[in-house]
Amino acid sequence: EIEYVGEPKLDGLAVELVYQDGHFVHGSTRGDGNTGEDITQNLKTIKSIPLSIIDSKPPSLLEIRGEVFINHEDFNQLNQQRLQSGEKPFANPRNCAAGSLRQLDPKITFDRPLRIFCYTPGKIEGIEFPTHLEFINSLPQWGFPVNPLIKSGIGAKFLSQYHKQMENDRNNLPYDIDGVVFKVNSFNFQNKLGVRSHSPRWAI
């Protein structure tokens with residue numbers, strides 16, 4: 001009876017945030033999983049990304065992965081503003097989010113209504129978590145936003161129910177998703193399962 005964590009798979013741009021001694025020092029796109037683009041200055045303009053971790057003893061190293069996105073209401077308002085000023089509207093929220101983060105001028109990124117949900121750790125030094133859910137629950141205490149629809153449950157029944165619920169709700173969500181993600185909750189089990197060349201065995 002394995003415990004899993006389910007979460008909506010946002011249709012945005014995957015990024016990685018790096019904190020040293022509680023301070024945001026580097027941000028990049030996830031790229032191919034090994035190499036991404038340095039977008040540190042643009043990520044600093046997103047209001048929901050803390051520049052410092054709210055903790056008296058933060059981890060010495062903390063890598064956090066998240067998804068940058070634009071919700072439907074903000075996207076529609078942005079396109080209305082562009083049409084009124086004679087500019088071409090964006091095709092969809094995902095392309096808008098990705099293009100905004102790749103701007104050479106951070107001032108342009110600052111004017112875009114970008115949001116982020118953080119969803120998984122990279123390398124961590126100075127603190128340990130036994131489960132993925134405990135890591136997720138600690139993020140809001142440090143100032144990071146997480147998706148409120150993340151849930152945990154036991155076995156295949158939970159996987160089926162969560163998938164069906166998200167399928168029923170997806171058209172009413174305020175942002176785009178292109179599926180759901182399931183992860184084995186225990187980090188010990190994750191380590192035992194290991195990874196393939198391009199994807200982990202503990203997530204799908």
# chains A, B, ... in the order shown; residues from 1 in each chain; ligands from 1
call {"tool": "closest_atom_pairs", "arguments": {"of": "range 2-34 of chain A", "to": "range 52-74 of chain A", "cutoff": "7 Å", "atoms": "only C-alpha atoms", "output": "JSON lines"}}
result
{"residue": "A:Leu10", "atom": "CA", "partner": "A:Glu67", "partner_atom": "CA", "distance": 6.8}
{"residue": "A:Gly12", "atom": "CA", "partner": "A:Phe69", "partner_atom": "CA", "distance": 4.7}
{"residue": "A:Leu13", "atom": "CA", "partner": "A:Val68", "partner_atom": "CA", "distance": 5.2}
{"residue": "A:Ala14", "atom": "CA", "partner": "A:Glu67", "partner_atom": "CA", "distance": 4.5}
{"residue": "A:Val15", "atom": "CA", "partner": "A:Gly66", "partner_atom": "CA", "distance": 5.5}
{"residue": "A:Glu16", "atom": "CA", "partner": "A:Arg65", "partner_atom": "CA", "distance": 4.4}
{"residue": "A:Leu17", "atom": "CA", "partner": "A:Ile64", "partner_atom": "CA", "distance": 5.1}
{"residue": "A:Val18", "atom": "CA", "partner": "A:Glu63", "partner_atom": "CA", "distance": 4.6}
{"residue": "A:Tyr19", "atom": "CA", "partner": "A:Leu62", "partner_atom": "CA", "distance": 5.1}
{"residue": "A:Gln20", "atom": "CA", "partner": "A:Leu61", "partner_atom": "CA", "distance": 4.8}
{"residue": "A:Asp21", "atom": "CA", "partner": "A:Ser60", "partner_atom": "CA", "distance": 4.4}
{"residue": "A:Gly22", "atom": "CA", "partner": "A:Ile53", "partner_atom": "CA", "distance": 4.8}
{"residue": "A:His23", "atom": "CA", "partner": "A:Ser52", "partner_atom": "CA", "distance": 4.5}
{"residue": "A:Phe24", "atom": "CA", "partner": "A:Ser52", "partner_atom": "CA", "distance": 6.0}
call {"tool": "write_last_selection", "arguments": {"atoms": "N, CA and C atoms", "output": "PDB file, in the first residue's frame"}}
result
ATOM      1  N   LEU A  10       0.739  21.773 -14.538  1.00  0.00           N
ATOM      2  CA  LEU A  10       0.499  23.077 -15.143  1.00  0.00           C
ATOM      3  C   LEU A  10       1.172  23.187 -16.509  1.00  0.00           C
ATOM      4  N   GLY A  12       2.941  25.482 -18.223  1.00  0.00           N
ATOM      5  CA  GLY A  12       3.714  26.717 -18.154  1.00  0.00           C
ATOM      6  C   GLY A  12       5.155  26.452 -18.530  1.00  0.00           C
ATOM      7  N   LEU A  13       6.073  27.123 -17.854  1.00  0.00           N
ATOM      8  CA  LEU A  13       7.500  26.936 -18.105  1.00  0.00           C
ATOM      9  C   LEU A  13       8.163  26.474 -16.815  1.00  0.00           C
ATOM     10  N   ALA A  14       8.843  25.326 -16.873  1.00  0.00           N
ATOM     11  CA  ALA A  14       9.513  24.766 -15.700  1.00  0.00           C
ATOM     12  C   ALA A  14      10.796  25.536 -15.426  1.00  0.00           C
ATOM     13  N   VAL A  15      10.999  25.894 -14.158  1.00  0.00           N
ATOM     14  CA  VAL A  15      12.192  26.648 -13.759  1.00  0.00           C
ATOM     15  C   VAL A  15      12.797  26.022 -12.504  1.00  0.00           C
ATOM     16  N   GLU A  16      14.040  26.392 -12.236  1.00  0.00           N
ATOM     17  CA  GLU A  16      14.709  25.961 -11.011  1.00  0.00           C
ATOM     18  C   GLU A  16      15.247  27.183 -10.281  1.00  0.00           C
ATOM     19  N   LEU A  17      14.973  27.238  -8.979  1.00  0.00           N
ATOM     20  CA  LEU A  17      15.417  28.330  -8.121  1.00  0.00           C
ATOM     21  C   LEU A  17      16.476  27.806  -7.167  1.00  0.00           C
ATOM     22  N   VAL A  18      17.580  28.534  -7.016  1.00  0.00           N
ATOM     23  CA  VAL A  18      18.667  28.103  -6.139  1.00  0.00           C
ATOM     24  C   VAL A  18      18.880  29.145  -5.046  1.00  0.00           C
ATOM     25  N   TYR A  19      18.845  28.663  -3.789  1.00  0.00           N
ATOM     26  CA  TYR A  19      19.054  29.528  -2.626  1.00  0.00           C
ATOM     27  C   TYR A  19      20.270  29.054  -1.850  1.00  0.00           C
ATOM     28  N   GLN A  20      21.132  29.982  -1.482  1.00  0.00           N
ATOM     29  CA  GLN A  20      22.288  29.692  -0.639  1.00  0.00           C
ATOM     30  C   GLN A  20      22.163  30.501   0.645  1.00  0.00           C
ATOM     31  N   ASP A  21      22.181  29.797   1.763  1.00  0.00           N
ATOM     32  CA  ASP A  21      22.032  30.432   3.079  1.00  0.00           C
ATOM     33  C   ASP A  21      20.802  31.342   3.121  1.00  0.00           C
ATOM     34  N   GLY A  22      19.753  30.895   2.448  1.00  0.00           N
ATOM     35  CA  GLY A  22      18.478  31.609   2.507  1.00  0.00           C
ATOM     36  C   GLY A  22      18.286  32.697   1.480  1.00  0.00           C
ATOM     37  N   HIS A  23      19.270  32.923   0.593  1.00  0.00           N
ATOM     38  CA  HIS A  23      19.165  34.005  -0.380  1.00  0.00           C
ATOM     39  C   HIS A  23      19.103  33.456  -1.804  1.00  0.00           C
ATOM     40  N   PHE A  24      18.215  34.031  -2.607  1.00  0.00           N
ATOM     41  CA  PHE A  24      18.049  33.615  -3.992  1.00  0.00           C
ATOM     42  C   PHE A  24      19.265  34.060  -4.796  1.00  0.00           C
TER      43      PHE A  24
END
call {"tool": "select_by_dssp", "arguments": {"residues": "range 15-137 of chain A", "states": "alpha helix (DSSP H)", "output": "PyMOL selection string"}}
result
chain A and resi 40-43+72-84+93-101+106-110+132-137
call {"tool": "write_last_selection", "arguments": {"atoms": "N, CA and C atoms", "output": "mmCIF file, in the first residue's frame"}}
result
data_model
loop_
_atom_site.group_PDB
_atom_site.id
_atom_site.type_symbol
_atom_site.label_atom_id
_atom_site.label_comp_id
_atom_site.auth_asym_id
_atom_site.auth_seq_id
_atom_site.Cartn_x
_atom_site.Cartn_y
_atom_site.Cartn_z
ATOM 1 N N THR A 40 17.917 34.471 -14.124
ATOM 2 C CA THR A 40 17.886 34.912 -12.723
ATOM 3 C C THR A 40 17.206 36.266 -12.565
ATOM 4 N N GLN A 41 17.638 37.248 -13.349
ATOM 5 C CA GLN A 41 17.125 38.609 -13.179
ATOM 6 C C GLN A 41 15.636 38.690 -13.498
ATOM 7 N N ASN A 42 15.195 37.935 -14.499
ATOM 8 C CA ASN A 42 13.779 37.952 -14.836
ATOM 9 C C ASN A 42 12.935 37.279 -13.761
ATOM 10 N N LEU A 43 13.434 36.186 -13.193
ATOM 11 C CA LEU A 43 12.701 35.516 -12.129
ATOM 12 C C LEU A 43 12.571 36.402 -10.893
ATOM 13 N N HIS A 72 -5.889 32.571 -16.511
ATOM 14 C CA HIS A 72 -6.748 32.993 -17.610
ATOM 15 C C HIS A 72 -7.160 34.463 -17.511
ATOM 16 N N GLU A 73 -7.551 34.883 -16.325
ATOM 17 C CA GLU A 73 -8.032 36.261 -16.159
ATOM 18 C C GLU A 73 -6.930 37.267 -16.479
ATOM 19 N N ASP A 74 -5.733 37.035 -15.941
ATOM 20 C CA ASP A 74 -4.617 37.946 -16.203
ATOM 21 C C ASP A 74 -4.235 37.943 -17.685
ATOM 22 N N PHE A 75 -4.277 36.756 -18.295
ATOM 23 C CA PHE A 75 -3.930 36.641 -19.713
ATOM 24 C C PHE A 75 -4.910 37.437 -20.582
ATOM 25 N N ASN A 76 -6.194 37.324 -20.285
ATOM 26 C CA ASN A 76 -7.197 38.055 -21.063
ATOM 27 C C ASN A 76 -7.042 39.563 -20.899
ATOM 28 N N GLN A 77 -6.758 40.015 -19.686
ATOM 29 C CA GLN A 77 -6.564 41.443 -19.448
ATOM 30 C C GLN A 77 -5.323 41.954 -20.183
ATOM 31 N N LEU A 78 -4.260 41.137 -20.174
ATOM 32 C CA LEU A 78 -3.027 41.525 -20.870
ATOM 33 C C LEU A 78 -3.265 41.662 -22.365
ATOM 34 N N ASN A 79 -3.995 40.724 -22.943
ATOM 35 C CA ASN A 79 -4.275 40.797 -24.378
ATOM 36 C C ASN A 79 -5.171 41.980 -24.722
ATOM 37 N N GLN A 80 -6.128 42.300 -23.844
ATOM 38 C CA GLN A 80 -6.971 43.478 -24.075
ATOM 39 C C GLN A 80 -6.130 44.749 -24.086
ATOM 40 N N GLN A 81 -5.170 44.839 -23.168
ATOM 41 C CA GLN A 81 -4.285 46.007 -23.118
ATOM 42 C C GLN A 81 -3.436 46.104 -24.382
ATOM 43 N N ARG A 82 -2.977 44.960 -24.871
ATOM 44 C CA ARG A 82 -2.149 44.965 -26.081
ATOM 45 C C ARG A 82 -2.971 45.386 -27.307
ATOM 46 N N LEU A 83 -4.195 44.909 -27.399
ATOM 47 C CA LEU A 83 -5.052 45.297 -28.519
ATOM 48 C C LEU A 83 -5.354 46.792 -28.489
ATOM 49 N N GLN A 84 -5.594 47.327 -27.296
ATOM 50 C CA GLN A 84 -5.902 48.750 -27.153
ATOM 51 C C GLN A 84 -4.710 49.629 -27.538
ATOM 52 N N PRO A 93 -1.475 31.395 -22.984
ATOM 53 C CA PRO A 93 -0.765 31.754 -21.753
ATOM 54 C C PRO A 93 0.630 31.139 -21.647
ATOM 55 N N ARG A 94 0.785 29.892 -22.125
ATOM 56 C CA ARG A 94 2.085 29.242 -21.994
ATOM 57 C C ARG A 94 3.169 29.975 -22.790
ATOM 58 N N ASN A 95 2.881 30.274 -24.056
ATOM 59 C CA ASN A 95 3.852 30.984 -24.880
ATOM 60 C C ASN A 95 4.164 32.360 -24.308
ATOM 61 N N CYS A 96 3.141 32.987 -23.751
ATOM 62 C CA CYS A 96 3.340 34.306 -23.140
ATOM 63 C C CYS A 96 4.273 34.211 -21.938
ATOM 64 N N ALA A 97 4.046 33.207 -21.084
ATOM 65 C CA ALA A 97 4.891 33.027 -19.893
ATOM 66 C C ALA A 97 6.326 32.727 -20.289
ATOM 67 N N ALA A 98 6.499 31.808 -21.249
ATOM 68 C CA ALA A 98 7.846 31.429 -21.673
ATOM 69 C C ALA A 98 8.569 32.607 -22.313
ATOM 70 N N GLY A 99 7.880 33.337 -23.179
ATOM 71 C CA GLY A 99 8.494 34.492 -23.822
ATOM 72 C C GLY A 99 8.832 35.597 -22.837
ATOM 73 N N SER A 100 7.978 35.770 -21.838
ATOM 74 C CA SER A 100 8.213 36.815 -20.832
ATOM 75 C C SER A 100 9.483 36.539 -20.036
ATOM 76 N N LEU A 101 9.738 35.265 -19.726
ATOM 77 C CA LEU A 101 10.919 34.922 -18.935
ATOM 78 C C LEU A 101 12.201 34.983 -19.741
ATOM 79 N N PRO A 106 14.552 42.879 -18.062
ATOM 80 C CA PRO A 106 13.705 42.446 -16.944
ATOM 81 C C PRO A 106 12.509 43.348 -16.689
ATOM 82 N N LYS A 107 12.565 44.606 -17.148
ATOM 83 C CA LYS A 107 11.435 45.518 -16.955
ATOM 84 C C LYS A 107 10.199 45.022 -17.713
ATOM 85 N N ILE A 108 10.423 44.387 -18.879
ATOM 86 C CA ILE A 108 9.303 43.837 -19.639
ATOM 87 C C ILE A 108 8.702 42.659 -18.872
ATOM 88 N N THR A 109 9.564 41.814 -18.321
ATOM 89 C CA THR A 109 9.095 40.673 -17.524
ATOM 90 C C THR A 109 8.296 41.154 -16.327
ATOM 91 N N PHE A 110 8.757 42.215 -15.696
ATOM 92 C CA PHE A 110 8.090 42.763 -14.513
ATOM 93 C C PHE A 110 6.651 43.164 -14.817
ATOM 94 N N HIS A 132 7.898 13.603 0.310
ATOM 95 C CA HIS A 132 7.648 14.712 -0.620
ATOM 96 C C HIS A 132 6.608 15.675 -0.048
ATOM 97 N N LEU A 133 5.559 15.129 0.571
ATOM 98 C CA LEU A 133 4.489 15.969 1.101
ATOM 99 C C LEU A 133 4.988 16.875 2.220
ATOM 100 N N GLU A 134 5.893 16.381 3.047
ATOM 101 C CA GLU A 134 6.448 17.227 4.110
ATOM 102 C C GLU A 134 7.259 18.371 3.518
ATOM 103 N N PHE A 135 7.967 18.099 2.435
ATOM 104 C CA PHE A 135 8.685 19.174 1.746
ATOM 105 C C PHE A 135 7.697 20.204 1.216
ATOM 106 N N ILE A 136 6.641 19.737 0.545
ATOM 107 C CA ILE A 136 5.636 20.639 -0.022
ATOM 108 C C ILE A 136 4.995 21.496 1.069
ATOM 109 N N ASN A 137 4.682 20.878 2.212
ATOM 110 C CA ASN A 137 4.026 21.603 3.299
ATOM 111 C C ASN A 137 4.939 22.637 3.945
#
call {"tool": "atom_distance", "arguments": {"atom1": "CA of Tyr119 in chain A", "atom2": "CA of Leu149 in chain A"}}
result
11.4 Å
call {"tool": "closest_residue", "arguments": {"among": "A:Phe90, A:Phe182, A:Phe129, A:Phe158", "to": "Arg112 in chain A", "atoms": "only C-alpha atoms"}}
result
A:Phe90
call {"tool": "closest_residue", "arguments": {"among": "A:Arg30, A:Ser48, A:Gly153, A:Met166", "to": "Asp178 in chain A", "atoms": "only C-alpha atoms"}}
result
A:Met166
call {"tool": "residues_around", "arguments": {"residues": "Ile150 in chain A", "least_positions_apart": "2", "cutoff": "6 Å", "atoms": "only C-alpha atoms", "output": "mmCIF file with N, CA and C atoms, in the first residue's frame"}}
result
data_model
loop_
_atom_site.group_PDB
_atom_site.id
_atom_site.type_symbol
_atom_site.label_atom_id
_atom_site.label_comp_id
_atom_site.auth_asym_id
_atom_site.auth_seq_id
_atom_site.Cartn_x
_atom_site.Cartn_y
_atom_site.Cartn_z
ATOM 1 N N GLY A 6 -0.533 13.434 -5.637
ATOM 2 C CA GLY A 6 -1.047 13.844 -6.937
ATOM 3 C C GLY A 6 -1.093 15.353 -7.040
ATOM 4 N N GLU A 7 -0.798 15.872 -8.226
ATOM 5 C CA GLU A 7 -0.846 17.318 -8.425
ATOM 6 C C GLU A 7 -1.196 17.631 -9.874
ATOM 7 N N ASN A 147 0.564 24.697 -5.148
ATOM 8 C CA ASN A 147 -0.788 24.482 -5.646
ATOM 9 C C ASN A 147 -1.667 23.890 -4.540
ATOM 10 N N PRO A 148 -2.795 24.521 -4.209
ATOM 11 C CA PRO A 148 -3.661 24.005 -3.142
ATOM 12 C C PRO A 148 -4.364 22.697 -3.507
#
call {"tool": "closest_residue", "arguments": {"among": "A:Arg201, A:Lys44, A:Arg115, A:His26", "to": "Tyr175 in chain A", "atoms": "only C-alpha atoms"}}
result
A:Arg115
call {"tool": "select_by_dssp", "arguments": {"residues": "range 117-200 of chain A", "states": "strand (DSSP E or B)", "output": "ChimeraX atom specification"}}
result
/A:117-125,131,151-154,177-184,186,195,200
call {"tool": "atom_distance", "arguments": {"atom1": "CA of Gly31 in chain A", "atom2": "CA of Ile127 in chain A"}}
result
26.8 Å
call {"tool": "decode", "arguments": {"residues": "range 107-135 of chain A", "atoms": "C-alpha atoms", "output": "short mmCIF file (atom, residue, chain, number, x, y, z; two decimals), in the first residue's frame"}}
result
data_model
loop_
_atom_site.label_atom_id
_atom_site.label_comp_id
_atom_site.auth_asym_id
_atom_site.auth_seq_id
_atom_site.Cartn_x
_atom_site.Cartn_y
_atom_site.Cartn_z
CA LYS A 107 11.43 45.52 -16.95
CA ILE A 108 9.30 43.84 -19.64
CA THR A 109 9.09 40.67 -17.52
CA PHE A 110 8.09 42.76 -14.51
CA ASP A 111 5.06 44.10 -16.42
CA ARG A 112 3.77 40.59 -17.22
CA PRO A 113 1.38 38.94 -14.71
CA LEU A 114 3.58 35.89 -14.04
CA ARG A 115 2.89 33.48 -11.18
CA ILE A 116 4.62 30.36 -9.91
CA PHE A 117 3.73 27.15 -8.10
CA CYS A 118 6.67 25.26 -6.60
CA TYR A 119 6.38 21.49 -6.69
CA THR A 120 9.56 19.49 -6.07
CA PRO A 121 13.06 19.75 -4.56
CA GLY A 122 16.40 19.50 -6.25
CA LYS A 123 19.49 19.28 -4.06
CA ILE A 124 19.08 20.25 -0.41
CA GLU A 125 21.81 20.69 2.22
CA GLY A 126 21.21 21.51 5.86
CA ILE A 127 17.79 19.93 6.32
CA GLU A 128 16.15 16.59 5.50
CA PHE A 129 12.60 15.63 4.67
CA PRO A 130 11.32 12.02 4.89
CA THR A 131 8.52 12.58 2.37
CA HIS A 132 7.65 14.71 -0.62
CA LEU A 133 4.49 15.97 1.10
CA GLU A 134 6.45 17.23 4.11
CA PHE A 135 8.68 19.17 1.75
#
